[in-house]
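K.L.:
Have a peek at coords-v4.cif (mmCIF, C-alpha atoms).
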data_data
#
loop_
_atom_site.label_atom_id
_atom_site.label_comp_id
_atom_site.auth_asym_id
_atom_site.auth_seq_id
_atom_site.Cartn_x
_atom_site.Cartn_y
_atom_site.Cartn_z
CA MET R 277 -20.14 -18.38 8.93
CA THR R 278 -19.02 -14.80 9.49
CA SER R 279 -21.32 -11.87 9.17
CA ILE R 280 -20.37 -8.52 7.82
CA LEU R 281 -21.75 -5.62 9.80
CA GLY R 282 -21.93 -2.00 8.88
CA ILE R 283 -20.54 -2.26 5.39
CA TYR R 284 -21.28 0.33 2.77
CA ALA R 285 -20.46 -1.30 -0.55
CA SER R 286 -20.46 -0.11 -4.09
CA SER R 287 -20.29 -2.55 -6.95
CA MET R 288 -20.41 0.03 -9.71
CA ARG R 289 -17.67 -0.40 -12.25
CA GLY R 290 -15.50 2.55 -13.16
CA ALA R 291 -14.66 3.65 -16.66
CA VAL R 292 -13.30 1.23 -19.26
CA GLY R 293 -9.50 1.28 -19.45
CA ASP R 294 -6.37 -0.75 -18.70
CA PHE R 295 -6.77 -0.34 -14.93
CA GLU R 296 -10.40 -0.55 -13.89
CA SER R 297 -12.14 -0.22 -10.56
CA ILE R 298 -14.27 -3.33 -9.95
CA ALA R 299 -15.64 -2.75 -6.44
CA THR R 300 -15.00 -0.85 -3.22
CA VAL R 301 -16.00 -1.67 0.35
CA THR R 302 -15.90 0.88 3.18
CA VAL R 303 -16.49 -0.30 6.74
CA GLY R 304 -19.20 1.52 8.65
CA SER R 305 -19.68 2.34 12.30
CA GLY R 306 -20.41 -1.23 13.31
CA GLY R 307 -17.04 -2.55 12.16
CA ALA R 308 -16.70 -5.67 10.04
CA SER R 309 -15.43 -9.17 10.65
CA SER R 310 -14.17 -9.41 7.07
CA VAL R 311 -14.37 -7.89 3.62
CA THR R 312 -15.27 -10.05 0.62
CA PHE R 313 -15.17 -9.43 -3.10
CA SER R 314 -17.23 -12.04 -4.92
CA SER R 315 -18.34 -12.79 -8.48
CA ILE R 316 -15.06 -11.38 -9.78
CA PRO R 317 -15.18 -11.30 -13.59
CA SER R 318 -12.53 -13.34 -15.39
CA THR R 319 -11.99 -10.73 -18.06
CA TYR R 320 -8.82 -9.11 -16.65
CA GLN R 321 -5.20 -10.25 -16.63
CA HIS R 322 -4.37 -9.39 -13.03
CA LEU R 323 -6.12 -8.09 -9.94
CA GLN R 324 -5.01 -5.53 -7.37
CA VAL R 325 -6.49 -4.97 -3.92
CA ARG R 326 -5.68 -1.66 -2.23
CA LEU R 327 -6.41 -1.77 1.50
CA PHE R 328 -6.44 1.10 3.98
CA GLY R 329 -7.26 -0.52 7.29
CA ARG R 330 -7.33 -0.68 11.04
CA GLY R 331 -8.29 -3.49 13.41
CA THR R 332 -10.39 -3.22 16.54
CA ASN R 333 -8.58 -5.34 19.11
CA SER R 334 -6.22 -3.96 21.73
CA ASP R 335 -3.01 -4.91 19.92
CA ALA R 336 -0.93 -2.19 18.27
CA ASN R 337 -1.18 -4.01 14.94
CA ILE R 338 -2.71 -7.08 13.35
CA ASP R 339 -1.86 -9.30 10.43
CA GLY R 340 -4.51 -10.62 8.08
CA PHE R 341 -5.23 -13.22 5.47
CA CYS R 342 -6.31 -13.06 1.87
CA TRP R 343 -8.40 -16.16 1.22
CA LEU R 344 -9.30 -17.12 -2.34
CA ASN R 345 -12.41 -18.90 -3.62
CA GLY R 346 -13.67 -19.77 -0.16
CA ASN R 347 -10.55 -21.81 0.67
CA GLU R 348 -10.42 -20.87 4.37
CA THR R 349 -9.52 -24.11 6.08
CA GLN R 350 -7.73 -26.15 3.48
CA SER R 351 -3.94 -26.16 3.63
CA ASN R 352 -3.62 -24.88 0.08
CA TYR R 353 -1.35 -21.92 0.70
CA THR R 354 2.34 -21.29 1.26
CA ASN R 355 3.69 -17.87 2.09
CA HIS R 356 6.88 -15.94 2.76
CA PHE R 357 7.82 -12.54 4.03
CA LEU R 358 10.63 -10.08 4.55
CA ARG R 359 9.94 -7.83 7.52
CA GLY R 360 11.40 -4.73 9.06
CA ASN R 361 10.23 -3.84 12.57
CA GLY R 362 12.24 -0.68 12.93
CA SER R 363 15.28 -2.36 14.44
CA THR R 364 15.69 -5.77 12.83
CA ALA R 365 15.08 -7.27 9.41
CA SER R 366 13.74 -10.81 9.47
CA ALA R 367 12.24 -13.37 7.13
CA GLY R 368 9.93 -16.31 7.48
CA GLY R 369 7.14 -18.29 5.94
CA SER R 370 4.93 -21.31 6.14
CA GLN R 371 4.25 -24.33 3.98
CA ALA R 372 0.91 -26.00 3.26
CA SER R 373 -1.13 -23.75 5.50
CA ALA R 374 -4.59 -22.24 5.52
CA THR R 375 -3.27 -18.80 6.47
CA PRO R 376 -1.98 -16.70 3.57
CA THR R 377 -0.91 -13.65 5.55
CA MET R 378 -0.91 -10.74 3.10
CA PHE R 379 -1.45 -7.57 5.10
CA SER R 380 -0.39 -5.87 8.33
CA ILE R 381 -2.31 -2.88 9.66
CA ASN R 382 -2.67 -0.79 12.80
CA SER R 383 -5.16 -1.93 15.41
CA GLY R 384 -6.92 -0.48 18.43
CA GLY R 385 -3.80 -0.44 20.59
CA SER R 386 -2.09 2.11 18.33
CA GLY R 387 -2.84 5.80 18.38
CA SER R 388 -6.24 6.99 17.27
CA GLY R 389 -6.45 7.67 13.56
CA MET R 390 -3.53 5.43 12.58
CA PHE R 391 -4.30 3.15 9.66
CA GLY R 392 -2.08 0.67 7.84
CA VAL R 393 -1.98 -0.03 4.14
CA ALA R 394 -1.52 -2.89 1.71
CA VAL R 395 -1.22 -3.18 -2.04
CA ILE R 396 -1.93 -6.81 -2.96
CA ASP R 397 -1.43 -8.11 -6.49
CA ILE R 398 -2.89 -11.39 -7.71
CA LEU R 399 -1.21 -12.23 -10.96
CA ASP R 400 -2.79 -14.24 -13.79
CA TYR R 401 -5.77 -14.82 -11.51
CA ALA R 402 -8.07 -16.24 -14.20
CA ASN R 403 -5.61 -18.68 -15.75
CA THR R 404 -6.82 -22.26 -15.18
CA ASN R 405 -3.44 -23.79 -16.04
CA LYS R 406 -1.52 -22.24 -13.16
CA ASN R 407 -1.55 -22.11 -9.42
CA LYS R 408 -2.05 -18.53 -8.25
CA THR R 409 0.57 -16.15 -6.86
CA MET R 410 -0.13 -13.19 -4.62
CA ARG R 411 2.33 -10.52 -3.58
CA SER R 412 1.95 -7.53 -1.31
CA LEU R 413 3.69 -4.47 -0.01
CA THR R 414 2.14 -3.72 3.36
CA GLY R 415 2.84 -2.00 6.62
CA GLU R 416 1.84 0.25 9.46
CA ASP R 417 3.67 2.89 11.44
CA GLU R 418 2.83 3.84 15.02
CA ASN R 419 5.31 6.69 15.59
CA GLY R 420 7.69 4.66 17.68
CA GLY R 421 6.55 1.24 16.48
CA GLY R 422 5.44 -0.41 13.30
CA ASN R 423 6.30 -2.95 10.65
CA ILE R 424 6.94 -2.98 6.92
CA TYR R 425 6.65 -6.19 4.90
CA PHE R 426 7.26 -7.64 1.49
CA ARG R 427 4.91 -10.64 1.37
CA SER R 428 4.08 -13.35 -1.15
CA ALA R 429 1.78 -16.36 -1.16
CA LEU R 430 1.06 -19.30 -3.40
CA PHE R 431 -2.46 -20.67 -3.72
CA MET R 432 -2.03 -24.28 -4.85
CA ASN R 433 -5.15 -24.42 -6.96
CA THR R 434 -5.56 -23.81 -10.68
CA SER R 435 -9.13 -22.53 -10.53
CA ALA R 436 -9.73 -18.99 -11.64
CA VAL R 437 -10.05 -16.64 -8.68
CA GLY R 438 -13.68 -15.71 -8.31
CA SER R 439 -13.68 -14.40 -4.76
CA ILE R 440 -11.27 -12.72 -2.35
CA LYS R 441 -11.85 -12.50 1.40
CA LEU R 442 -9.76 -10.23 3.62
CA ILE R 443 -9.88 -11.09 7.30
CA GLY R 444 -7.81 -10.21 10.35
CA GLN R 445 -5.91 -12.88 12.24
CA ALA R 446 -7.61 -14.52 15.19
CA GLY R 447 -10.94 -13.05 14.19
CA ASN R 448 -9.93 -9.42 14.70
CA ASN R 449 -12.46 -7.09 13.14
CA PHE R 450 -11.90 -4.20 10.78
CA ALA R 451 -12.60 -0.79 12.25
CA GLN R 452 -14.80 1.93 10.83
CA TYR R 453 -13.24 3.82 7.90
CA THR R 454 -11.33 0.76 6.72
CA SER R 455 -11.63 0.61 2.96
CA ALA R 456 -10.69 -2.01 0.40
CA ALA R 457 -10.80 -1.45 -3.33
CA LEU R 458 -10.49 -4.13 -6.02
CA TYR R 459 -9.06 -3.24 -9.41
CA GLY R 460 -8.71 -5.23 -12.61
CA ILE R 461 -5.70 -4.82 -14.86
CA LYS R 462 -6.05 -5.71 -18.50
CA GLY R 463 -3.26 -7.50 -20.35
CA MET E 15 -16.27 9.25 -18.42
CA PRO E 16 -13.74 9.38 -15.55
CA THR E 17 -10.56 7.36 -15.81
CA THR E 18 -9.56 5.03 -12.96
CA TYR E 19 -5.76 5.54 -13.11
CA GLU E 20 -4.56 8.71 -14.73
CA PRO E 21 -1.62 11.10 -14.66
CA ILE E 22 -2.22 14.30 -12.75
CA ALA E 23 1.07 16.07 -13.39
CA THR E 24 4.64 15.41 -14.45
CA HIS E 25 7.81 17.47 -14.22
CA THR E 26 11.39 17.02 -15.36
CA THR E 27 14.03 19.20 -13.77
CA SER E 28 16.18 21.38 -16.01
CA GLY E 29 18.66 22.56 -13.42
CA THR E 30 19.64 22.04 -9.81
CA VAL E 31 16.79 22.34 -7.30
CA SER E 32 16.73 21.64 -3.59
CA ASN E 33 13.34 19.94 -3.66
CA TYR E 34 10.20 19.46 -5.75
CA THR E 35 6.57 20.02 -4.79
CA PHE E 36 3.34 18.78 -6.28
CA SER E 37 0.81 21.37 -5.19
CA SER E 38 -2.93 21.90 -5.62
CA ILE E 39 -3.48 18.15 -5.68
CA PRO E 40 -7.18 17.60 -6.41
CA SER E 41 -9.15 15.74 -3.77
CA THR E 42 -11.17 13.81 -6.31
CA TYR E 43 -9.13 10.58 -6.31
CA THR E 44 -8.98 7.72 -3.82
CA ASP E 45 -5.20 7.33 -3.86
CA VAL E 46 -2.31 9.19 -5.45
CA ILE E 47 0.90 7.56 -6.58
CA MET E 48 4.19 9.36 -7.12
CA VAL E 49 6.92 7.95 -9.34
CA ILE E 50 10.44 9.41 -9.20
CA ALA E 51 13.17 8.60 -11.71
CA ASP E 52 16.45 10.07 -10.50
CA LEU E 53 20.09 9.40 -11.37
CA GLY E 54 21.54 11.55 -8.63
CA SER E 55 24.06 10.44 -6.03
CA ASP E 56 23.12 7.77 -3.53
CA THR E 57 20.62 8.98 -0.93
CA SER E 58 17.01 8.56 0.19
CA TYR E 59 14.31 11.20 0.18
CA LYS E 60 12.28 12.86 2.87
CA ILE E 61 8.67 13.82 2.39
CA ASN E 62 6.68 16.80 3.68
CA VAL E 63 2.97 17.08 3.19
CA ASN E 64 0.93 20.30 2.96
CA GLY E 65 4.04 22.29 3.82
CA ASP E 66 4.00 20.87 7.34
CA THR E 67 7.49 20.96 8.88
CA GLY E 68 6.38 20.13 12.41
CA THR E 69 7.50 16.92 14.09
CA ASN E 70 4.41 15.12 12.83
CA TYR E 71 6.07 12.39 10.80
CA SER E 72 7.42 8.91 11.39
CA SER E 73 8.63 6.03 9.23
CA THR E 74 9.59 2.36 9.48
CA PHE E 75 11.77 0.88 6.74
CA VAL E 76 13.52 -2.31 5.65
CA TYR E 77 16.26 -2.63 3.07
CA GLY E 78 18.66 -5.09 1.51
CA ASP E 79 21.99 -4.00 0.07
CA GLY E 80 23.17 -7.19 -1.56
CA SER E 81 24.93 -8.57 1.48
CA SER E 82 22.59 -7.99 4.38
CA ALA E 83 19.14 -6.76 5.34
CA ALA E 84 18.39 -4.16 7.99
CA SER E 85 15.55 -2.11 9.40
CA GLY E 86 15.22 1.23 11.10
CA ARG E 87 12.76 3.99 11.89
CA GLY E 88 12.38 7.65 12.59
CA SER E 89 9.80 9.03 15.01
CA ASN E 90 8.50 12.51 15.79
CA VAL E 91 10.52 14.02 12.98
CA SER E 92 9.94 17.05 10.79
CA ALA E 93 9.73 15.08 7.52
CA ALA E 94 9.03 11.44 6.71
CA PRO E 95 12.55 10.01 6.44
CA THR E 96 14.22 7.33 4.36
CA VAL E 97 11.60 7.19 1.64
CA GLY E 98 12.69 5.78 -1.73
CA ARG E 99 16.25 5.74 -2.96
CA ARG E 100 18.42 6.97 -5.81
CA PRO E 101 19.97 6.48 -8.28
CA GLY E 102 17.03 4.56 -9.68
CA ASN E 103 13.30 4.78 -9.31
CA SER E 104 10.96 5.13 -6.39
CA ILE E 105 7.21 4.64 -6.13
CA LEU E 106 5.26 6.26 -3.29
CA GLN E 107 1.63 5.33 -2.65
CA PHE E 108 -0.56 7.73 -0.70
CA GLN E 109 -3.77 5.83 0.05
CA ASN E 110 -7.00 7.57 1.13
CA TYR E 111 -5.01 10.80 0.97
CA ALA E 112 -8.04 13.08 0.78
CA ASN E 113 -10.02 11.80 3.72
CA THR E 114 -10.41 14.20 6.64
CA THR E 115 -11.04 11.60 9.33
CA THR E 116 -7.84 9.57 9.71
CA TYR E 117 -4.11 10.20 9.82
CA LYS E 118 -2.32 9.66 6.52
CA THR E 119 -0.19 6.62 5.74
CA PHE E 120 1.96 6.21 2.68
CA ILE E 121 4.06 3.27 1.57
CA SER E 122 6.97 3.31 -0.80
CA ARG E 123 9.49 1.19 -2.59
CA GLY E 124 12.86 2.45 -3.77
CA ASN E 125 15.18 0.69 -6.13
CA ALA E 126 18.72 2.04 -6.28
CA SER E 127 20.43 0.27 -9.11
CA ASN E 128 23.88 0.23 -7.60
CA HIS E 129 23.12 -0.01 -3.96
CA LEU E 130 19.92 -1.38 -2.46
CA VAL E 131 16.21 -2.04 -2.47
CA ILE E 132 14.20 -0.38 0.29
CA SER E 133 10.60 -0.21 1.39
CA THR E 134 9.17 2.30 3.86
CA VAL E 135 5.84 2.89 5.55
CA SER E 136 5.32 6.46 6.75
CA LEU E 137 2.75 8.22 8.90
CA TRP E 138 1.72 11.86 8.89
CA ARG E 139 -0.22 12.57 12.04
CA SER E 140 -2.83 14.88 10.63
CA THR E 141 -6.40 14.36 9.51
CA ALA E 142 -6.16 17.06 6.85
CA ALA E 143 -6.55 16.07 3.22
CA ILE E 144 -3.22 16.02 1.41
CA ASN E 145 -3.04 18.81 -1.17
CA SER E 146 0.72 19.10 -1.63
CA ILE E 147 3.69 16.75 -1.44
CA THR E 148 7.30 17.95 -1.26
CA VAL E 149 10.22 15.63 -2.01
CA THR E 150 13.69 16.56 -0.77
CA PRO E 151 16.87 14.50 -1.05
CA GLU E 152 18.24 13.66 2.37
CA THR E 153 21.62 14.83 1.15
CA GLY E 154 22.41 17.09 -1.78
CA SER E 155 19.88 18.34 -4.30
CA PHE E 156 18.13 17.31 -7.48
CA GLY E 157 20.08 17.75 -10.70
CA SER E 158 18.80 18.06 -14.25
CA GLY E 159 16.71 15.32 -15.80
CA VAL E 160 14.92 14.08 -12.67
CA THR E 161 11.33 13.14 -13.49
CA PHE E 162 8.48 13.35 -11.01
CA THR E 163 5.06 12.02 -12.01
CA LEU E 164 1.89 12.03 -9.94
CA TYR E 165 -0.98 9.68 -10.75
CA GLY E 166 -4.50 9.56 -9.38
CA VAL E 167 -6.36 6.30 -8.73
CA LYS E 168 -10.10 6.39 -8.36
CA SER E 169 -12.15 3.57 -6.91
CA ALA E 170 -15.75 2.81 -7.68
#
Go through the file and emit its structure as structure tokens.
P.N.:
Amino acid sequence: MTSILGIYASSMRGAVGDFESIATVTVGSGGASSVTFSSIPSTYQHLQVRLFGRGTNSDANIDGFCWLNGNETQSNYTNHFLRGNGSTASAGGSQASATPTMFSINSGGSGSGMFGVAVIDILDYANTNKNKTMRSLTGEDENGGGNIYFRSALFMNTSAVGSIKLIGQAGNNFAQYTSAALYGIKG
Amino acid sequence: MPTTYEPIATHTTSGTVSNYTFSSIPSTYTDVIMVIADLGSDTSYKINVNGDTGTNYSSTFVYGDGSSAASGRGSNVSAAPTVGRRPGNSILQFQNYANTTTYKTFISRGNASNHLVISTVSLWRSTAAINSITVTPETGSFGSGVTFTLYGVKSA
């Protein structure tokens, strides 16, 4: 079981409208092993997570997963990506895995103050007749390095999405000032 | 009550201009999003923030042109290069733009109807809050009828 350290969280809802703020998490001085949105209401059509993040390990960048409904070890995900690393475009993916890689951000090995971003959409998240699809536009630039990705993932489960957990690969923590905001989009 | 996603400003060009600037951007949002609809000749854009023309920008991009995919970057340059694409539409996302602690990162997607799809992540190495954004075509200028819209997104 992971613990979340140094998180300042707000669960206040924003104003009523077609695009609503559901919750925001900002990582404090202690860092955080993960960021979780739970008890997500089923009253929207789609969800969007907007991440501004940095890892703490010594790599220049880290990838991270977007786990749904506590499915962290079951091989219920497939994912694909198109990547540009500044010199080469490449593509890849995985089938029946437990690692839906949806974001790529700077980490401690990149210059101070450099943060990566991700915009992650989970479409039709509350529909109990469909498996769930996630897509993201994500990347980080290091002024001489960096990666930009189109990513998508399939969660092979028809349950409504009630929780989302963002976590760095290989247990890399989120650094202070990382923020993740969850929005609901009405249909 | 405040709105979570709202337009801040919009402008449609009525003649030829070399660039366009959103200025006096309020710091009250979490993110700002710029949408450009432009039917000009094929080129990307470059972005300057807060009037900064120093070599404080860098970008990494990937694109597909219907027959192949490629990637490239620019480093230590005087404007964030290869952002968006025309003719078509481009969406630029400036996340945590108003914070005064970190450098600024923005990510974009450009869709040029007759040429390619491109995505770019850019870095401005400054901790200043962003209060203006200038868009300049990498070649040529903006003609009439180009629409620039800036939206603000506010988290809880």
K.L.:
Let me know the residues the PyMOL selection byres ((chain E) within 10 of (chain R)) catches in the file above, as a VMD selection string.
P.N.:
chain E and resid 15 to 20 44 to 45 70 to 78 82 to 91 107 to 110 113 115 to 123 133 to 141 167 to 170
K.L.:
Let me make sure I understand: among E:Leu106, E:Ala23, E:Ala51, E:Ala94, which one has the smallest atom-to-atom distance to Val63 (chain E) if we use all atoms listed in the file?
P.N.:
E:Ala94
K.L.:
Can you pull out every residue within 9 Å of Ser41 (chain E), counting only C-alpha atoms, but drop anything in the same chain fewer than 3 positions away, and send it as a list in words?
P.N.:
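Result of the neighbour search: Ser38, Thr44, Tyr111, Ala112, Asn113, Ala143, Ile144 and Asn145 of chain E.
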K.L.:
Tell me, in Å to one decimal, how far CA of Lys441 (chain R) is from CA of Ile461 (chain R).
P.N.:
19.0 Å
K.L.:
Which value, in Å to one decimal, gives the distance between CA of Val160 (chain E) and CA of Thr67 (chain E)?
P.N.:
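Between these atoms lies a distance of 23.8 Å.
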K.L.:
Just the number, please: distance in Å from CA of Ala126 (chain E) to CA of Gly102 (chain E), one decimal.
P.N.:
4.6 Å
K.L.:
Kindly provide, as number ranges by chain, the polymer residues lying within 9 Å of (17.7, 16.0, -12.8), counting all atoms listed in the file and using the coordinates exactly as they appear in the file.
P.N.:
E: 26-31, 51-54, 156-161
K.L.:
R:Arg411, R:Lys462, R:His322, R:Lys406: which is nearest Ala429 (chain R), counting all atoms listed in the file?
P.N.:
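Smallest distance to Ala429 (chain R) is found for R:Arg411.
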K.L.:
List the neighbours of region 341-350 of chain R out to 10 Å using all atoms listed in the file; skip same-chain residues closer than 6 positions along the sequence, and give me the result as a ChimeraX atom specification.
P.N.:
/R:310-315,325,372-380,396,408,410,429,431,433,435-445
K.L.:
For the residues in the current selection, export C-alpha atoms as a PDB file, in the coordinates of the input.
P.N.:
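Final output, again32.pdb:
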ATOM      1  CA  SER R 310     -14.170  -9.410   7.070  1.00  0.00           C
ATOM      2  CA  VAL R 311     -14.370  -7.890   3.620  1.00  0.00           C
ATOM      3  CA  THR R 312     -15.270 -10.050   0.620  1.00  0.00           C
ATOM      4  CA  PHE R 313     -15.170  -9.430  -3.100  1.00  0.00           C
ATOM      5  CA  SER R 314     -17.230 -12.040  -4.920  1.00  0.00           C
ATOM      6  CA  SER R 315     -18.340 -12.790  -8.480  1.00  0.00           C
ATOM      7  CA  VAL R 325      -6.490  -4.970  -3.920  1.00  0.00           C
ATOM      8  CA  ALA R 372       0.910 -26.000   3.260  1.00  0.00           C
ATOM      9  CA  SER R 373      -1.130 -23.750   5.500  1.00  0.00           C
ATOM     10  CA  ALA R 374      -4.590 -22.240   5.520  1.00  0.00           C
ATOM     11  CA  THR R 375      -3.270 -18.800   6.470  1.00  0.00           C
ATOM     12  CA  PRO R 376      -1.980 -16.700   3.570  1.00  0.00           C
ATOM     13  CA  THR R 377      -0.910 -13.650   5.550  1.00  0.00           C
ATOM     14  CA  MET R 378      -0.910 -10.740   3.100  1.00  0.00           C
ATOM     15  CA  PHE R 379      -1.450  -7.570   5.100  1.00  0.00           C
ATOM     16  CA  SER R 380      -0.390  -5.870   8.330  1.00  0.00           C
ATOM     17  CA  ILE R 396      -1.930  -6.810  -2.960  1.00  0.00           C
ATOM     18  CA  LYS R 408      -2.050 -18.530  -8.250  1.00  0.00           C
ATOM     19  CA  MET R 410      -0.130 -13.190  -4.620  1.00  0.00           C
ATOM     20  CA  ALA R 429       1.780 -16.360  -1.160  1.00  0.00           C
ATOM     21  CA  PHE R 431      -2.460 -20.670  -3.720  1.00  0.00           C
ATOM     22  CA  ASN R 433      -5.150 -24.420  -6.960  1.00  0.00           C
ATOM     23  CA  SER R 435      -9.130 -22.530 -10.530  1.00  0.00           C
ATOM     24  CA  ALA R 436      -9.730 -18.990 -11.640  1.00  0.00           C
ATOM     25  CA  VAL R 437     -10.050 -16.640  -8.680  1.00  0.00           C
ATOM     26  CA  GLY R 438     -13.680 -15.710  -8.310  1.00  0.00           C
ATOM     27  CA  SER R 439     -13.680 -14.400  -4.760  1.00  0.00           C
ATOM     28  CA  ILE R 440     -11.270 -12.720  -2.350  1.00  0.00           C
ATOM     29  CA  LYS R 441     -11.850 -12.500   1.400  1.00  0.00           C
ATOM     30  CA  LEU R 442      -9.760 -10.230   3.620  1.00  0.00           C
ATOM     31  CA  ILE R 443      -9.880 -11.090   7.300  1.00  0.00           C
ATOM     32  CA  GLY R 444      -7.810 -10.210  10.350  1.00  0.00           C
ATOM     33  CA  GLN R 445      -5.910 -12.880  12.240  1.00  0.00           C
TER      34      GLN R 445
END
K.L.:
Here is a test: counting all atoms listed in the file, which residue of E:Ile39, E:Ile147, E:Ile105, E:Met48 is nearest to Leu164 (chain E)?
P.N.:
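Distance minimum relative to Leu164 (chain E) lands on E:Met48.
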K.L.:
Could you name the residues that touch His129 (chain E) at 12 Å or less, counting all atoms listed in the file, but leaving out those on the same chain fewer than 2 positions away, as a ChimeraX atom specification?
P.N.:
/E:55-58,77-82,99-102,124-127,131-132
K.L.:
Can you spit out the residues from that selection as a PDB file, keeping the file's coordinate frame, using C-alpha atoms?
P.N.:
ATOM      1  CA  SER E  55      24.060  10.440  -6.030  1.00  0.00           C
ATOM      2  CA  ASP E  56      23.120   7.770  -3.530  1.00  0.00           C
ATOM      3  CA  THR E  57      20.620   8.980  -0.930  1.00  0.00           C
ATOM      4  CA  SER E  58      17.010   8.560   0.190  1.00  0.00           C
ATOM      5  CA  TYR E  77      16.260  -2.630   3.070  1.00  0.00           C
ATOM      6  CA  GLY E  78      18.660  -5.090   1.510  1.00  0.00           C
ATOM      7  CA  ASP E  79      21.990  -4.000   0.070  1.00  0.00           C
ATOM      8  CA  GLY E  80      23.170  -7.190  -1.560  1.00  0.00           C
ATOM      9  CA  SER E  81      24.930  -8.570   1.480  1.00  0.00           C
ATOM     10  CA  SER E  82      22.590  -7.990   4.380  1.00  0.00           C
ATOM     11  CA  ARG E  99      16.250   5.740  -2.960  1.00  0.00           C
ATOM     12  CA  ARG E 100      18.420   6.970  -5.810  1.00  0.00           C
ATOM     13  CA  PRO E 101      19.970   6.480  -8.280  1.00  0.00           C
ATOM     14  CA  GLY E 102      17.030   4.560  -9.680  1.00  0.00           C
ATOM     15  CA  GLY E 124      12.860   2.450  -3.770  1.00  0.00           C
ATOM     16  CA  ASN E 125      15.180   0.690  -6.130  1.00  0.00           C
ATOM     17  CA  ALA E 126      18.720   2.040  -6.280  1.00  0.00           C
ATOM     18  CA  SER E 127      20.430   0.270  -9.110  1.00  0.00           C
ATOM     19  CA  VAL E 131      16.210  -2.040  -2.470  1.00  0.00           C
ATOM     20  CA  ILE E 132      14.200  -0.380   0.290  1.00  0.00           C
TER      21      ILE E 132
END
